[in-house]
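Quick look at input_36.txt (compact mmCIF, C-alpha atoms):
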# COMPACT_ATOMS: atom_id res chain seq x y z
CA MET N 195 -120.29 -90.35 63.61
CA SER N 196 -119.53 -86.73 64.37
CA PRO N 197 -120.37 -85.04 67.69
CA GLU N 198 -123.53 -83.02 68.05
CA SER N 199 -123.20 -79.28 67.43
CA GLU N 200 -126.39 -77.32 67.76
CA THR N 201 -128.26 -74.43 69.33
CA GLN N 202 -127.95 -74.48 73.12
CA SER N 203 -128.96 -72.46 76.16
CA LEU N 204 -125.91 -71.32 78.12
CA LEU N 205 -127.25 -70.01 81.41
CA THR N 206 -129.67 -71.11 84.12
CA PRO N 207 -130.76 -67.83 85.79
CA ALA N 208 -131.11 -67.60 89.55
CA GLY N 209 -134.48 -68.96 90.66
CA PHE N 210 -134.78 -71.19 87.59
CA THR N 211 -134.16 -74.88 87.05
CA ARG N 212 -133.02 -76.91 84.06
CA ILE N 213 -134.94 -80.01 82.93
CA THR N 214 -133.30 -82.52 80.58
CA PHE N 215 -134.52 -85.79 79.06
CA GLY N 216 -134.43 -87.67 75.78
CA ALA N 217 -137.28 -87.68 73.24
CA MET N 218 -137.81 -87.52 69.47
CA GLY N 219 -134.24 -88.69 68.84
CA SER N 220 -132.82 -85.61 70.58
CA THR N 221 -132.05 -84.17 73.97
CA VAL N 222 -134.98 -82.09 75.19
CA GLU N 223 -133.94 -79.27 77.49
CA ALA N 224 -136.03 -76.67 79.27
CA VAL N 225 -135.27 -73.83 81.68
CA VAL N 226 -138.27 -72.84 83.82
CA PRO N 227 -138.93 -71.13 87.16
CA ALA N 228 -137.93 -73.52 89.94
CA SER N 229 -141.40 -73.22 91.48
CA SER N 230 -142.90 -74.52 88.22
CA GLU N 231 -140.66 -77.57 87.85
CA PRO N 232 -143.16 -80.38 88.69
CA ARG N 233 -145.95 -79.18 86.39
CA ALA N 234 -143.48 -78.08 83.70
CA LEU N 235 -141.91 -81.55 83.63
CA GLY N 236 -145.36 -83.08 83.24
CA VAL N 237 -146.19 -80.77 80.34
CA LEU N 238 -142.89 -81.40 78.58
CA ARG N 239 -143.06 -85.18 78.86
CA GLU N 240 -146.68 -85.20 77.70
CA VAL N 241 -145.97 -83.00 74.67
CA PHE N 242 -142.75 -84.62 73.47
CA GLY N 243 -143.90 -88.14 74.32
CA GLY N 244 -147.16 -87.56 72.47
CA PHE N 245 -145.48 -86.10 69.40
CA GLU N 246 -142.97 -88.95 69.28
CA ALA N 247 -145.69 -91.61 69.58
CA VAL N 248 -147.56 -90.14 66.61
CA LEU N 249 -144.85 -88.65 64.34
CA SER N 250 -141.92 -91.08 64.64
CA ARG N 251 -140.78 -92.64 61.35
CA PHE N 252 -138.92 -95.35 63.29
CA ASP N 253 -141.61 -96.61 65.69
CA PRO N 254 -143.60 -99.25 63.76
CA GLN N 255 -146.59 -98.56 66.02
CA SER N 256 -146.72 -94.80 65.37
CA ALA N 257 -149.51 -93.31 63.31
CA LEU N 258 -146.98 -92.01 60.79
CA SER N 259 -145.44 -95.46 60.32
CA ARG N 260 -148.85 -97.00 59.73
CA VAL N 261 -149.50 -94.45 56.98
CA ASN N 262 -146.04 -94.98 55.47
CA HIS N 263 -146.65 -98.73 55.34
CA GLY N 264 -149.81 -98.25 53.28
CA PRO N 265 -149.17 -95.65 50.57
CA GLY N 266 -151.69 -95.20 47.79
CA HIS N 267 -154.66 -95.11 50.18
CA TRP N 268 -156.65 -92.82 52.43
CA HIS N 269 -155.95 -93.39 56.14
CA ARG N 270 -157.78 -92.33 59.27
CA VAL N 271 -155.21 -90.53 61.41
CA PRO N 272 -155.02 -88.84 64.82
CA PRO N 273 -155.64 -85.09 64.72
CA LEU N 274 -151.99 -84.44 65.65
CA LEU N 275 -150.72 -86.24 62.55
CA GLY N 276 -153.24 -84.54 60.27
CA TRP N 277 -152.29 -81.16 61.69
CA ALA N 278 -148.53 -81.82 61.49
CA VAL N 279 -148.73 -82.96 57.86
CA THR N 280 -150.84 -79.89 57.04
CA GLN N 281 -148.12 -77.68 58.56
CA ALA N 282 -145.43 -79.54 56.61
CA LEU N 283 -147.33 -79.16 53.32
CA ALA N 284 -147.79 -75.44 54.01
CA ALA N 285 -144.02 -75.18 54.56
CA ALA N 286 -143.41 -76.99 51.27
CA GLU N 287 -145.70 -74.56 49.48
CA ALA N 288 -144.03 -71.54 51.11
CA THR N 289 -140.55 -72.71 50.08
CA GLY N 290 -141.38 -73.84 46.56
CA GLY N 291 -140.81 -77.45 47.57
CA LEU N 292 -137.26 -76.96 48.89
CA PHE N 293 -138.63 -78.19 52.18
CA ASP N 294 -140.24 -81.51 51.27
CA PRO N 295 -141.87 -83.92 53.77
CA THR N 296 -141.96 -86.71 51.14
CA VAL N 297 -138.18 -87.40 51.11
CA GLY N 298 -138.50 -90.25 53.60
CA GLY N 299 -137.87 -92.80 50.84
CA VAL N 300 -134.60 -91.07 49.97
CA LEU N 301 -133.43 -91.28 53.58
CA VAL N 302 -134.33 -94.97 53.74
CA ALA N 303 -132.43 -95.67 50.50
CA LEU N 304 -129.41 -93.85 51.92
CA GLY N 305 -129.46 -96.08 55.00
CA TYR N 306 -131.30 -93.84 57.48
CA ASP N 307 -133.99 -96.46 58.09
CA ARG N 308 -133.67 -96.70 61.86
CA PRO N 309 -133.04 -94.32 64.79
CA PHE N 310 -129.80 -92.45 64.23
CA ALA N 311 -128.18 -93.90 67.34
CA ALA N 312 -128.74 -97.41 65.93
CA LEU N 313 -126.92 -96.81 62.64
CA THR N 314 -123.81 -98.95 62.24
CA ASP N 315 -120.56 -97.41 61.04
CA PRO N 316 -120.21 -97.92 58.18
CA LEU N 317 -123.49 -99.18 56.75
CA PRO N 318 -123.25 -101.76 53.97
CA ALA N 319 -122.95 -100.29 50.49
CA PRO N 320 -126.32 -100.06 48.72
CA SER N 321 -127.18 -102.82 46.27
CA PRO N 322 -127.19 -101.86 42.57
CA GLN N 323 -130.99 -102.00 42.72
CA ALA N 324 -131.28 -99.57 45.61
CA ARG N 325 -132.39 -96.16 44.43
CA ALA N 326 -133.30 -93.03 46.36
CA ALA N 327 -136.66 -92.72 44.64
CA THR N 328 -138.55 -89.47 44.95
CA VAL N 329 -140.29 -87.37 42.36
CA TRP N 330 -139.82 -83.60 42.59
CA GLY N 331 -143.15 -82.15 43.68
CA THR N 332 -144.68 -85.37 45.05
CA TRP N 333 -145.71 -83.43 48.16
CA ARG N 334 -148.38 -81.69 46.07
CA THR N 335 -150.30 -84.97 45.81
CA VAL N 336 -150.37 -85.63 49.57
CA MET N 337 -153.85 -84.74 50.81
CA VAL N 338 -155.37 -84.09 54.25
CA ASP N 339 -159.11 -83.65 54.58
CA ARG N 340 -160.44 -80.45 56.10
CA GLY N 341 -161.02 -82.00 59.49
CA GLY N 342 -157.51 -83.44 59.62
CA ALA N 343 -158.89 -86.91 60.35
CA ARG N 344 -157.96 -88.53 57.03
CA LEU N 345 -154.74 -88.45 55.03
CA PHE N 346 -153.91 -89.67 51.52
CA LEU N 347 -150.34 -90.72 50.79
CA PRO N 348 -149.41 -91.22 47.11
CA PRO N 349 -148.02 -94.60 46.00
CA LYS N 350 -144.30 -95.23 46.59
CA THR N 351 -144.09 -92.29 49.00
CA THR N 352 -142.68 -92.11 52.54
CA LEU N 353 -143.27 -89.14 54.81
CA ASP N 354 -140.56 -87.82 57.11
CA LEU N 355 -141.51 -85.11 59.61
CA GLY N 356 -138.22 -85.13 61.52
CA GLY N 357 -137.13 -81.51 61.79
CA ILE N 358 -140.46 -79.74 61.54
CA GLY N 359 -141.94 -82.20 64.03
CA LYS N 360 -139.44 -81.14 66.69
CA GLY N 361 -140.09 -77.48 65.92
CA LEU N 362 -143.84 -77.99 66.27
CA ALA N 363 -143.30 -79.83 69.55
CA VAL N 364 -141.16 -77.01 70.96
CA ASP N 365 -143.82 -74.46 69.97
CA GLU N 366 -146.59 -76.54 71.54
CA ALA N 367 -144.62 -77.12 74.74
CA LEU N 368 -144.07 -73.38 75.15
CA ARG N 369 -147.75 -72.70 74.45
CA ARG N 370 -148.78 -75.10 77.20
CA LEU N 371 -146.16 -73.86 79.66
CA THR N 372 -147.44 -70.32 79.11
CA ALA N 373 -151.04 -71.44 79.65
CA GLN N 374 -150.01 -72.99 82.98
CA GLY N 375 -148.06 -69.94 84.09
CA ALA N 376 -144.71 -71.77 83.97
CA THR N 377 -142.86 -68.86 82.37
CA PRO N 378 -140.48 -67.24 81.58
CA ALA N 379 -139.29 -70.41 79.89
CA LEU N 380 -136.88 -71.75 77.31
CA VAL N 381 -137.43 -75.07 75.49
CA SER N 382 -135.07 -76.77 73.06
CA ALA N 383 -134.92 -80.08 71.22
CA GLY N 384 -131.79 -80.79 69.20
CA GLY N 385 -131.10 -77.70 67.14
CA ASP N 386 -134.54 -76.13 67.74
CA LEU N 387 -134.96 -73.60 70.57
CA ALA N 388 -137.68 -71.12 71.55
CA VAL N 389 -138.37 -68.81 74.48
CA ALA N 390 -141.40 -67.26 76.16
CA GLY N 391 -140.73 -64.23 78.33
CA THR N 392 -137.45 -62.92 79.72
CA PRO N 393 -135.94 -63.85 83.11
CA PRO N 394 -136.12 -60.97 85.60
CA GLY N 395 -133.10 -58.69 85.51
CA LEU N 396 -131.74 -60.08 82.24
CA SER N 397 -131.84 -58.69 78.71
CA GLY N 398 -132.78 -62.12 77.37
CA TRP N 399 -131.67 -65.74 77.10
CA VAL N 400 -128.01 -66.31 76.20
CA VAL N 401 -127.94 -68.85 73.35
CA ALA N 402 -124.81 -70.59 72.07
CA LEU N 403 -124.42 -71.42 68.39
CA PRO N 404 -121.68 -73.57 66.86
CA GLN N 405 -118.13 -72.21 66.44
CA GLY N 406 -118.42 -70.08 69.58
CA GLN N 407 -121.08 -67.74 68.15
CA ARG N 408 -123.62 -66.39 70.65
CA LEU N 409 -126.69 -64.21 70.79
CA VAL N 410 -129.22 -63.05 73.36
CA LEU N 411 -132.76 -64.06 72.41
CA ARG N 412 -135.52 -61.93 73.93
CA GLN N 413 -138.45 -63.58 72.17
CA GLY N 414 -139.25 -66.04 69.41
CA ALA N 415 -137.19 -69.00 68.29
CA ILE N 416 -133.94 -70.04 66.66
CA ALA N 417 -133.03 -73.24 64.83
CA THR N 418 -129.69 -74.50 63.55
CA SER N 419 -129.27 -76.76 60.54
CA GLY N 420 -126.20 -78.52 59.19
CA PRO N 421 -124.94 -82.05 58.51
CA GLN N 422 -122.27 -82.30 61.21
CA HIS N 423 -124.34 -84.24 63.73
CA ARG N 424 -126.45 -86.57 61.59
CA ARG N 425 -123.80 -88.04 59.28
CA TRP N 426 -123.09 -91.68 58.51
CA ARG N 427 -121.10 -93.77 56.07
CA GLN N 428 -122.80 -96.01 53.53
CA GLY N 429 -120.10 -98.13 51.96
CA ASP N 430 -117.30 -95.71 51.10
CA ARG N 431 -119.53 -92.59 50.96
CA TRP N 432 -120.58 -90.14 53.64
CA ARG N 433 -124.32 -89.43 53.86
CA HIS N 434 -126.33 -86.91 55.84
CA HIS N 435 -129.98 -86.13 56.57
CA LEU N 436 -130.33 -82.85 54.64
CA ILE N 437 -131.91 -83.87 51.34
CA ASP N 438 -132.15 -81.68 48.26
CA PRO N 439 -135.53 -82.78 46.86
CA ARG N 440 -134.60 -81.42 43.43
CA ALA N 441 -131.83 -84.01 43.16
CA GLY N 442 -133.27 -86.74 45.37
CA THR N 443 -130.08 -87.17 47.38
CA CYS N 444 -127.92 -85.50 50.05
CA ALA N 445 -127.63 -81.77 49.45
CA THR N 446 -124.28 -80.10 48.86
CA SER N 447 -123.69 -76.62 50.23
CA ASP N 448 -120.92 -74.10 50.79
CA LEU N 449 -122.34 -73.62 54.30
CA VAL N 450 -121.13 -75.58 57.31
CA TRP N 451 -124.19 -74.65 59.36
CA CYS N 452 -126.99 -72.10 59.35
CA SER N 453 -129.05 -70.64 62.22
CA VAL N 454 -132.32 -68.77 61.65
CA VAL N 455 -134.35 -66.60 64.04
CA ALA N 456 -138.13 -66.59 63.51
CA PRO N 457 -141.30 -65.99 65.53
CA ARG N 458 -141.96 -69.75 65.84
CA CYS N 459 -139.63 -72.70 66.11
CA ALA N 460 -141.18 -74.72 63.27
CA GLU N 461 -140.73 -71.74 60.94
CA ALA N 462 -137.11 -71.29 62.05
CA ASP N 463 -136.39 -74.98 61.50
CA VAL N 464 -137.79 -75.01 57.96
CA ALA N 465 -135.99 -71.79 57.02
CA ALA N 466 -132.65 -73.01 58.42
CA THR N 467 -132.91 -76.24 56.43
CA VAL N 468 -133.78 -74.45 53.20
CA ALA N 469 -131.10 -71.78 53.65
CA TRP N 470 -128.46 -74.47 54.20
CA ILE N 471 -129.54 -76.34 51.06
CA LEU N 472 -129.47 -73.12 49.01
CA GLY N 473 -126.00 -72.12 50.19
CA ALA N 474 -124.55 -68.79 51.27
CA ALA N 475 -125.67 -66.41 48.51
CA ALA N 476 -129.10 -67.86 47.71
CA GLY N 477 -129.70 -68.73 51.35
CA ALA N 478 -129.06 -65.15 52.44
CA ALA N 479 -131.43 -63.89 49.72
CA PHE N 480 -134.07 -66.41 50.87
CA LEU N 481 -133.89 -65.11 54.45
CA GLN N 482 -133.85 -61.45 53.42
CA ALA N 483 -136.92 -61.91 51.21
CA ARG N 484 -138.80 -63.31 54.20
CA ARG N 485 -137.39 -60.76 56.68
CA LEU N 486 -135.81 -63.49 58.78
CA GLY N 487 -132.52 -63.14 60.63
CA GLY N 488 -129.80 -65.69 60.21
CA VAL N 489 -126.21 -66.64 60.94
CA LEU N 490 -124.45 -68.41 58.06
CA ALA N 491 -121.15 -70.23 58.62
CA LEU N 492 -119.17 -70.77 55.42
CA ALA N 493 -116.70 -73.53 54.68
CA ASP N 494 -113.86 -70.96 54.50
CA GLY N 495 -114.34 -70.24 58.22
CA SER N 496 -116.17 -66.91 57.82
CA VAL N 497 -119.52 -66.20 59.46
CA GLN N 498 -122.18 -63.92 57.97
CA TRP N 499 -124.90 -62.25 60.04
CA ILE N 500 -128.05 -61.67 57.95
CA GLY N 501 -130.68 -59.26 59.26
CA LEU N 502 -129.30 -59.46 62.80
CA PRO N 503 -127.01 -57.14 64.79
CA GLU N 504 -123.55 -58.66 64.53
CA PRO N 505 -122.03 -58.96 68.03
CA PRO N 506 -118.99 -56.83 68.82
CA GLU N 507 -115.67 -58.59 69.21
CA GLU N 508 -115.18 -57.91 72.92
CA ALA N 509 -115.28 -61.01 75.09
CA MET N 510 -118.67 -62.05 76.50
CA ARG N 511 -120.62 -59.58 74.34
CA HIS N 512 -123.49 -60.90 72.27
CA ALA N 513 -125.94 -59.84 69.61
CA VAL N 514 -129.31 -59.03 71.19
CA VAL N 515 -132.24 -60.31 69.13
CA GLY N 516 -135.96 -59.79 69.52

Please, can you express the file's structure as structure tokens?
Amino acid sequence: MSPESETQSLLTPAGFTRITFGAMGSTVEAVVPASSEPRALGVLREVFGGFEAVLSRFDPQSALSRVNHGPGHWHRVPPLLGWAVTQALAAAEATGGLFDPTVGGVLVALGYDRPFAALTDPLPAPSPQARAATVWGTWRTVMVDRGGARLFLPPKTTLDLGGIGKGLAVDEALRRLTAQGATPALVSAGGDLAVAGTPPGLSGWVVALPQGQRLVLRQGAIATSGPQHRRWRQGDRWRHHLIDPRAGTCATSDLVWCSVVAPRCAEADVAATVAWILGAAAGAAFLQARRLGGVLALADGSVQWIGLPEPPEEAMRHAVVG
């Protein structure tokens, strides 16, 4: 297993405190005013704990797992699950299906059928009968009723809301922190990070990307996607969690990682995943068409800044975004 390499906050400004705990298979980190710490911690644990209890593919008691165990039927679901699936289907529509919440069956067939930390190394080779079964465009037949209380999952389909679920949780946590006056604040979960407000006296939040890249984020969100962290061996083959739904297996890309800046974290997460799958040229065009900024790291060691001010080379200088 390779070490985690993702979007991170670098600084804790004077008068602020850093909160860290584990949830949704990632490290959740927040930087909030020190005076807001008790209520901020309550908000964060409630949001991320609630999202994990409903959206986890690995908890057999979660609402998502109950739906996945009964495909081919309508299910009554909590409003959070109905809303999250609606957001995921909208992302699939917006990306022409390159983001696909119905690739859960592919991940299971490739061995990612339990929390990542529980994967053995290596996993047994798949049996000849094992097949990463998904049909391109299956997401179009997933249905959520208008009230979000019922969900239809097509036969032989497994939903996975991993990345977008974390992005939605980060966005919701920031919304609630803002409503409680616990800002300026930064919240991150894995490679997903968003900010609300700017610490007094600073131009923004200093954010570290992989390979020593940095930027200062004044507003909005940034997400980083790449296979370095979530990789495992199945038999004699390396697998990772970024699935190309067109092929029904692990995507191949000339990018090592990709970071995307967007107004909301869920949007940044989806765009980073799609840009990585598309690769450097098509990924850059995808971001430019949507007026999103990005940082693309190529396998040859070069880094491309798309729609963002590239930082100067002097030490401790950063691109300022937002």

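Each of N:Gly243, N:Pro348, N:Pro439, N:Pro316 was compared to N:Gly216 using only C-alpha atoms, and N:Gly243 turns out to be the nearest.
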
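For the residues N:Gly356, N:Pro503, N:Gly429, N:Pro207, ranking by smallest atom-to-atom distance to N:Trp399 using only C-alpha atoms places N:Pro207 first.
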
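Between N:Val454 and the residues N:Asp386, N:Asp339, N:Glu231, N:Asp438, the shortest atom-to-atom distance, using all atoms listed in the file, involves N:Asp386.
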
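Summary of the local environment: counting only C-alpha atoms, residues at most 8 Å from N:Ala390, other than itself and those fewer than 6 positions away along its chain, are Leu368, Thr372, Thr377, Pro378, Ala379, Leu380, Gln413 and Gly414 of chain N.
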
- Task: Name all residues at most 10 Å from stretch 481-489 of chain N (count all atoms listed in the file; drop same-chain ones fewer than 3 positions away) and give them as a count of residues only.
- Result: 31

4 Å per side around stretch 397-413 of chain N: axis-aligned box centre and edge lengths, as JSON:
{"center_x": -128.3, "center_y": -66.1, "center_z": 72.6, "size_x": 28.3, "size_y": 22.9, "size_z": 20.3}

Some atoms are missing, so please complete stretch 324-348 of chain N with N, CA and C atoms and return it as a compact mmCIF listing (two decimals), in the coordinates of the input.
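What follows is the written file out35.txt:
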# COMPACT_ATOMS: atom_id res chain seq x y z
N ALA N 324 -130.80 -100.59 44.67
CA ALA N 324 -131.28 -99.57 45.61
C ALA N 324 -131.24 -98.20 44.96
N ARG N 325 -132.32 -97.47 45.06
CA ARG N 325 -132.39 -96.16 44.43
C ARG N 325 -133.17 -95.21 45.34
N ALA N 326 -132.61 -94.04 45.56
CA ALA N 326 -133.30 -93.03 46.36
C ALA N 326 -134.42 -92.45 45.50
N ALA N 327 -135.59 -93.07 45.57
CA ALA N 327 -136.66 -92.72 44.64
C ALA N 327 -137.56 -91.64 45.25
N THR N 328 -137.57 -90.49 44.64
CA THR N 328 -138.55 -89.47 44.95
C THR N 328 -138.78 -88.67 43.69
N VAL N 329 -139.96 -88.17 43.54
CA VAL N 329 -140.29 -87.37 42.36
C VAL N 329 -140.49 -85.94 42.83
N TRP N 330 -139.75 -85.02 42.23
CA TRP N 330 -139.82 -83.60 42.59
C TRP N 330 -141.27 -83.13 42.51
N GLY N 331 -141.78 -82.64 43.64
CA GLY N 331 -143.15 -82.15 43.68
C GLY N 331 -144.17 -83.15 44.15
N THR N 332 -143.73 -84.36 44.57
CA THR N 332 -144.68 -85.37 45.05
C THR N 332 -145.53 -84.84 46.20
N TRP N 333 -144.97 -83.95 47.01
CA TRP N 333 -145.71 -83.43 48.16
C TRP N 333 -147.04 -82.80 47.76
N ARG N 334 -147.13 -82.33 46.52
CA ARG N 334 -148.38 -81.69 46.07
C ARG N 334 -149.54 -82.68 45.98
N THR N 335 -149.24 -83.97 45.93
CA THR N 335 -150.30 -84.97 45.81
C THR N 335 -150.65 -85.63 47.15
N VAL N 336 -149.96 -85.22 48.23
CA VAL N 336 -150.37 -85.63 49.57
C VAL N 336 -151.60 -84.81 49.95
N MET N 337 -152.62 -85.45 50.49
CA MET N 337 -153.85 -84.74 50.81
C MET N 337 -154.29 -85.02 52.25
N VAL N 338 -154.78 -83.98 52.91
CA VAL N 338 -155.37 -84.09 54.25
C VAL N 338 -156.76 -83.49 54.17
N ASP N 339 -157.77 -84.21 54.66
CA ASP N 339 -159.11 -83.65 54.58
C ASP N 339 -159.25 -82.46 55.53
N ARG N 340 -160.31 -81.71 55.36
CA ARG N 340 -160.44 -80.45 56.10
C ARG N 340 -160.46 -80.65 57.60
N GLY N 341 -160.98 -81.76 58.05
CA GLY N 341 -161.02 -82.00 59.49
C GLY N 341 -159.73 -82.57 60.04
N GLY N 342 -158.78 -82.90 59.17
CA GLY N 342 -157.51 -83.44 59.62
C GLY N 342 -157.59 -84.87 60.10
N ALA N 343 -158.71 -85.54 59.86
CA ALA N 343 -158.89 -86.91 60.35
C ALA N 343 -158.52 -87.96 59.33
N ARG N 344 -158.32 -87.57 58.07
CA ARG N 344 -157.96 -88.53 57.03
C ARG N 344 -156.82 -87.96 56.20
N LEU N 345 -155.92 -88.86 55.76
CA LEU N 345 -154.74 -88.45 55.03
C LEU N 345 -154.54 -89.41 53.87
N PHE N 346 -154.24 -88.86 52.69
CA PHE N 346 -153.91 -89.67 51.52
C PHE N 346 -152.44 -89.54 51.20
N LEU N 347 -151.75 -90.69 51.14
CA LEU N 347 -150.34 -90.72 50.79
C LEU N 347 -150.20 -91.36 49.41
N PRO N 348 -149.55 -90.67 48.46
CA PRO N 348 -149.41 -91.22 47.11
C PRO N 348 -148.63 -92.53 47.11
